[in-house]
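Chemist: The structure's right below; bear with me while I get my questions together.
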Amino acid sequence: MPAAEWRVPRLSTKRAAVTRAQVETVSGRALGLFGLVFGAQTLPLALEQSSALVDGAGAAMMAILYGVLVVLAVASIAKVAVRGAALAFAVLYAVTLAAWPFLIDDPAALDGGTPWLYYICTVATTAAVVALPAPVATAYTIVVPATYGVIRLLPAGGGAVPLLAVLDAMYAVILGVVVLIIVTMLRQAAETVDGAQEAALQRYDVAARQHATESERVKVDALVHDSVLTTLLSAAAADSPDERALAARMARDAIKRLDEAGASGPRALERVGLPVLVRRLRAALTTFAAPFTVRVVNAGGVELPVEAVDALYSAAVQAMVNSMQHADEPGRSTRRELRIRGVRAGGCVIEISDNGVGFDRHDVPVERLGLRVSIEERMANAGGGADIESNPGHGTTVTVAWPAGAAGGDA
């Protein structure tokens, strides 16, 4: 294909399907919302049945379960520790349900009614689906309602007839399985979409680089033909002092233009959306052994050059790898965060921080290239900047930004 016909299609940031991160966000927020709704509906019955429990047990049970439901709702809105809160509710609900028969002091006070825990059973099974792997969530969805069915047969559970107890348990199982199937299918579909988009992005990066390289080759070829060859022909035909002086000036001009072309290097002019970089970093995190808390702010509408995206991605990954290799301290857990922030319409700031052992920059050997070359020089070569803050015992924060100065908000 002739060089003049090279075209790199613009990569659209619009998505036809949701991503895995969006599925988890929607699932968590739905769980938090409906958990509050179901909890509010159950509260009058819980207060009424508290008289059947031993002194203080009813209040403690409500405080624990409703308290975790509130924490879960807040976590789902803030998108922080959603799985942890969901797991806590699922475990506490199972423990509370198993302890119910032992906490009943006056079975007659139930008057054959349904224990109020039944009405938030679906919330518990949904929390298990959000927090646990599919096989474990499946077992939870079956075992917990079955446990309720057994308790329902006992005097402490209202002494229901077997048919009613089985129907209640089956109803809870069916609802839990439906939620499990829907969330699992959405997760699998989103993972397929994420994989396809990542593969498309990699092909696009290759095409963009090939396009930039080919454009630069055409530019250099034209320069060689127009300047260098003309200068050589003029020098070969120069006989008089004036002609030789002209050839010398032409040679100096050709060398200057070649130096300028070499200094500029190939540049990819195409731009991609910041969500593309966010997705690439999330994909990289799935390969790491240590977890990172991810926060993304103002990613919509921000577009960056392909070269800047590549530099930001590589520098951020190097910083995260450094954190995993050097930040941990025996006997202490390390918290790690990845914060990505769009700056206006064409800038980006990425912060990688941890509360690990930290270090002194002056103690880093010169031959260690991870900070100087892989982060600082890489960002400088792409027109960006990097800042590394660390103190022994106080963790480390690596900030990479494009363009240079974006971290100060003046991009």
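Chain labels A, B, ... are given in the sequence in which chains occur in the structure tokens; within each chain residues are numbered consecutively from 1, and ligands are likewise numbered from 1 in the order shown.
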Within 12 Å of range 173-187 of chain A, which residues of range 87-120 of chain A show up? Give each one with its shortest atom-to-atom distance in Å (one decimal) and the two atoms involved, counting only C-alpha atoms, rows by chain then rising residue number, as a tab-separated table.

Modeler:
```
residue	atom	partner	partner_atom	distance
A:Tyr118	CA	A:Val173	CA	11.7
A:Tyr119	CA	A:Leu175	CA	11.9
A:Ile120	CA	A:Gly176	CA	11.4
```

Chemist: Do you know which residues are at most 6 Å from Ala156 in chain A counting only C-alpha atoms, after dropping those on the same chain fewer than 3 positions away, and could you put them as a list in words?

Modeler: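 Surrounding residues, per the criterion: Pro101, Ile104 and Pro107 of chain A.
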
Chemist: Using only C-alpha atoms, which protein or nucleic acid residues come within 12 Å of Val161 in chain A? Drop anything in the same chain fewer than 5 positions from it, and give the result as a PyMOL selection string.

Modeler: chain A and resi 112-114+149-155+166-168

Chemist: Extract, using only C-alpha atoms, all DNA, RNA and protein residues at most 12 Å from Val321 in chain A, discarding same-chain residues fewer than 6 positions from it, and format them as a ChimeraX atom specification.

Modeler: /A:284-285,287-292,314-315,327-328,336,352-354,370-371,374-375,398

Chemist: A:Ala235, A:Val400, A:Val357, A:Cys348: which is nearest Val302 in chain A, counting only C-alpha atoms?

Modeler: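 For Val302 in chain A, the nearest of the candidates is A:Cys348.
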
Chemist: Skip Gly356 in chain A itself and residues of its chain fewer than 2 positions away, then list as a list in words all residues within 9 Å of it, counting only C-alpha atoms.

Modeler: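 Surrounding residues, per the criterion: Ser323, His326, Ala327, Asp328, Glu329, Arg332, Ser333, Thr334, Arg335, Arg336, Ser353, Asp354, Gly358, Pro392, Gly393, His394, Gly395 and Thr396 of chain A.
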
Chemist: For the structure I just gave you, how does DSSP split range 3-172 of chain A - specifically, which residues are alpha helix (DSSP H)? Reply as a ChimeraX atom specification.

Modeler: /A:20-49,57-78,82-103,121-131,134-153,162-172

Chemist: What parts of range 271-363 of chain A does DSSP call strand (DSSP E)? I'd like the answer as a CSV table (one decimal) with N, CA and C atoms, in the first residue's frame.

Modeler:
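For reference, states16.csv as written:
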```csv
chain,number,residue,atom,x,y,z
A,271,ARG,N,-5.6,10.5,18.6
A,271,ARG,CA,-6.0,10.6,20.1
A,271,ARG,C,-7.0,9.6,20.4
A,272,VAL,N,-6.9,9.2,21.7
A,272,VAL,CA,-7.9,8.2,22.2
A,272,VAL,C,-8.4,8.7,23.5
A,273,GLY,N,-9.6,8.2,23.9
A,273,GLY,CA,-10.2,8.7,25.1
A,273,GLY,C,-9.5,8.1,26.4
A,293,THR,N,-6.8,-0.3,45.2
A,293,THR,CA,-8.1,0.4,45.2
A,293,THR,C,-8.0,1.4,44.0
A,294,VAL,N,-9.0,1.4,43.1
A,294,VAL,CA,-9.0,2.2,41.9
A,294,VAL,C,-10.0,3.3,42.1
A,295,ARG,N,-9.6,4.5,41.8
A,295,ARG,CA,-10.5,5.7,41.8
A,295,ARG,C,-10.3,6.4,40.5
A,296,VAL,N,-11.4,6.7,39.9
A,296,VAL,CA,-11.3,7.4,38.6
A,296,VAL,C,-12.2,8.6,38.7
A,297,VAL,N,-11.7,9.8,38.3
A,297,VAL,CA,-12.4,11.1,38.3
A,297,VAL,C,-12.3,11.8,37.0
A,303,GLU,N,-9.4,13.3,26.0
A,303,GLU,CA,-8.7,12.6,24.9
A,303,GLU,C,-7.2,12.9,25.0
A,304,LEU,N,-6.4,11.9,24.8
A,304,LEU,CA,-4.9,12.0,24.8
A,304,LEU,C,-4.3,11.4,23.6
A,305,PRO,N,-3.1,11.9,23.2
A,305,PRO,CA,-2.4,11.3,22.1
A,305,PRO,C,-2.0,9.8,22.4
A,336,ARG,N,-2.8,-0.1,48.9
A,336,ARG,CA,-2.3,0.5,47.7
A,336,ARG,C,-3.5,1.1,46.9
A,337,GLU,N,-3.3,2.2,46.3
A,337,GLU,CA,-4.3,2.9,45.6
A,337,GLU,C,-3.8,3.4,44.2
A,338,LEU,N,-4.7,3.3,43.2
A,338,LEU,CA,-4.4,3.9,41.9
A,338,LEU,C,-5.5,4.9,41.6
A,339,ARG,N,-5.1,6.2,41.5
A,339,ARG,CA,-6.0,7.2,41.3
A,339,ARG,C,-5.8,7.8,39.9
A,340,ILE,N,-6.8,7.9,39.1
A,340,ILE,CA,-6.7,8.4,37.7
A,340,ILE,C,-7.6,9.6,37.6
A,341,ARG,N,-7.1,10.8,37.1
A,341,ARG,CA,-7.9,12.0,37.1
A,341,ARG,C,-7.7,12.7,35.7
A,342,GLY,N,-8.8,12.9,35.0
A,342,GLY,CA,-8.7,13.7,33.8
A,342,GLY,C,-8.6,15.2,34.2
A,343,VAL,N,-7.8,15.9,33.4
A,343,VAL,CA,-7.6,17.4,33.6
A,343,VAL,C,-8.1,18.1,32.4
A,347,GLY,N,-5.7,16.4,29.4
A,347,GLY,CA,-4.7,16.1,30.3
A,347,GLY,C,-5.1,14.9,31.2
A,348,CYS,N,-4.1,14.4,31.9
A,348,CYS,CA,-4.3,13.2,32.8
A,348,CYS,C,-3.3,13.2,33.9
A,349,VAL,N,-3.7,12.9,35.1
A,349,VAL,CA,-2.8,12.7,36.2
A,349,VAL,C,-3.1,11.4,36.8
A,350,ILE,N,-2.1,10.6,37.0
A,350,ILE,CA,-2.2,9.2,37.7
A,350,ILE,C,-1.3,9.2,38.9
A,351,GLU,N,-1.9,8.8,40.0
A,351,GLU,CA,-1.2,8.7,41.3
A,351,GLU,C,-1.2,7.2,41.7
A,352,ILE,N,0.0,6.7,42.1
A,352,ILE,CA,0.1,5.4,42.6
A,352,ILE,C,0.7,5.5,44.0
A,353,SER,N,-0.1,5.1,45.0
A,353,SER,CA,0.4,5.4,46.4
A,353,SER,C,0.2,4.1,47.2
A,354,ASP,N,1.0,4.0,48.2
A,354,ASP,CA,0.9,2.9,49.2
A,354,ASP,C,1.4,3.5,50.6
```

Chemist: Please list as an mmCIF file with N, CA and C atoms, in the first residue's frame every residue within 12 Å of Asp111 in chain A, counting only C-alpha atoms and excluding residues in the same chain fewer than 4 positions away.

Modeler:
```cif
data_model
loop_
_atom_site.group_PDB
_atom_site.id
_atom_site.type_symbol
_atom_site.label_atom_id
_atom_site.label_comp_id
_atom_site.auth_asym_id
_atom_site.auth_seq_id
_atom_site.Cartn_x
_atom_site.Cartn_y
_atom_site.Cartn_z
ATOM 1 N N GLU A 48 -41.568 -6.191 66.594
ATOM 2 C CA GLU A 48 -42.659 -6.954 67.212
ATOM 3 C C GLU A 48 -42.167 -8.288 67.745
ATOM 4 N N GLN A 49 -41.277 -8.957 66.994
ATOM 5 C CA GLN A 49 -40.829 -10.287 67.387
ATOM 6 C C GLN A 49 -39.670 -10.241 68.380
ATOM 7 N N SER A 51 -39.710 -9.375 71.310
ATOM 8 C CA SER A 51 -40.163 -9.813 72.638
ATOM 9 C C SER A 51 -40.063 -11.317 72.796
ATOM 10 N N ALA A 52 -40.021 -12.051 71.677
ATOM 11 C CA ALA A 52 -39.907 -13.508 71.760
ATOM 12 C C ALA A 52 -38.472 -13.954 71.997
ATOM 13 N N ASP A 106 -39.431 -17.296 74.034
ATOM 14 C CA ASP A 106 -40.870 -17.556 74.146
ATOM 15 C C ASP A 106 -41.433 -17.849 72.764
ATOM 16 N N PRO A 107 -41.380 -19.120 72.301
ATOM 17 C CA PRO A 107 -41.890 -19.445 70.968
ATOM 18 C C PRO A 107 -43.349 -19.056 70.776
ATOM 19 N N PRO A 115 -40.470 -15.880 60.952
ATOM 20 C CA PRO A 115 -39.372 -15.081 61.509
ATOM 21 C C PRO A 115 -38.975 -13.968 60.538
ATOM 22 N N PRO A 155 -40.596 -25.104 66.586
ATOM 23 C CA PRO A 155 -41.427 -24.135 67.325
ATOM 24 C C PRO A 155 -40.783 -22.741 67.339
ATOM 25 N N ALA A 156 -39.433 -22.696 67.397
ATOM 26 C CA ALA A 156 -38.747 -21.408 67.401
ATOM 27 C C ALA A 156 -38.880 -20.681 66.073
ATOM 28 N N GLY A 157 -39.282 -21.410 65.022
ATOM 29 C CA GLY A 157 -39.458 -20.791 63.712
ATOM 30 C C GLY A 157 -40.909 -20.613 63.337
ATOM 31 N N GLY A 158 -41.804 -20.836 64.263
ATOM 32 C CA GLY A 158 -43.220 -20.663 63.994
ATOM 33 C C GLY A 158 -43.976 -21.960 63.874
ATOM 34 N N GLY A 159 -43.261 -23.103 63.850
ATOM 35 C CA GLY A 159 -43.926 -24.405 63.790
ATOM 36 C C GLY A 159 -44.789 -24.578 62.559
ATOM 37 N N ALA A 160 -44.265 -24.189 61.399
ATOM 38 C CA ALA A 160 -45.052 -24.298 60.170
ATOM 39 C C ALA A 160 -45.176 -25.747 59.733
#
```

Chemist: When you draw a straight line from CA of Val144 in chain A to CA of Thr42 in chain A, how long is it in Å?

Modeler: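 CA of Val144 in chain A sits 18.5 Å away from CA of Thr42 in chain A.
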
Chemist: Env of Ala63 in chain A: 12 Å cut, atoms = only C-alpha atoms, seq-sep filter 6 positions within chain, self excluded. Answer as a ChimeraX atom specification.

Modeler: /A:39,43,46-47,56-57,69-71,92,96
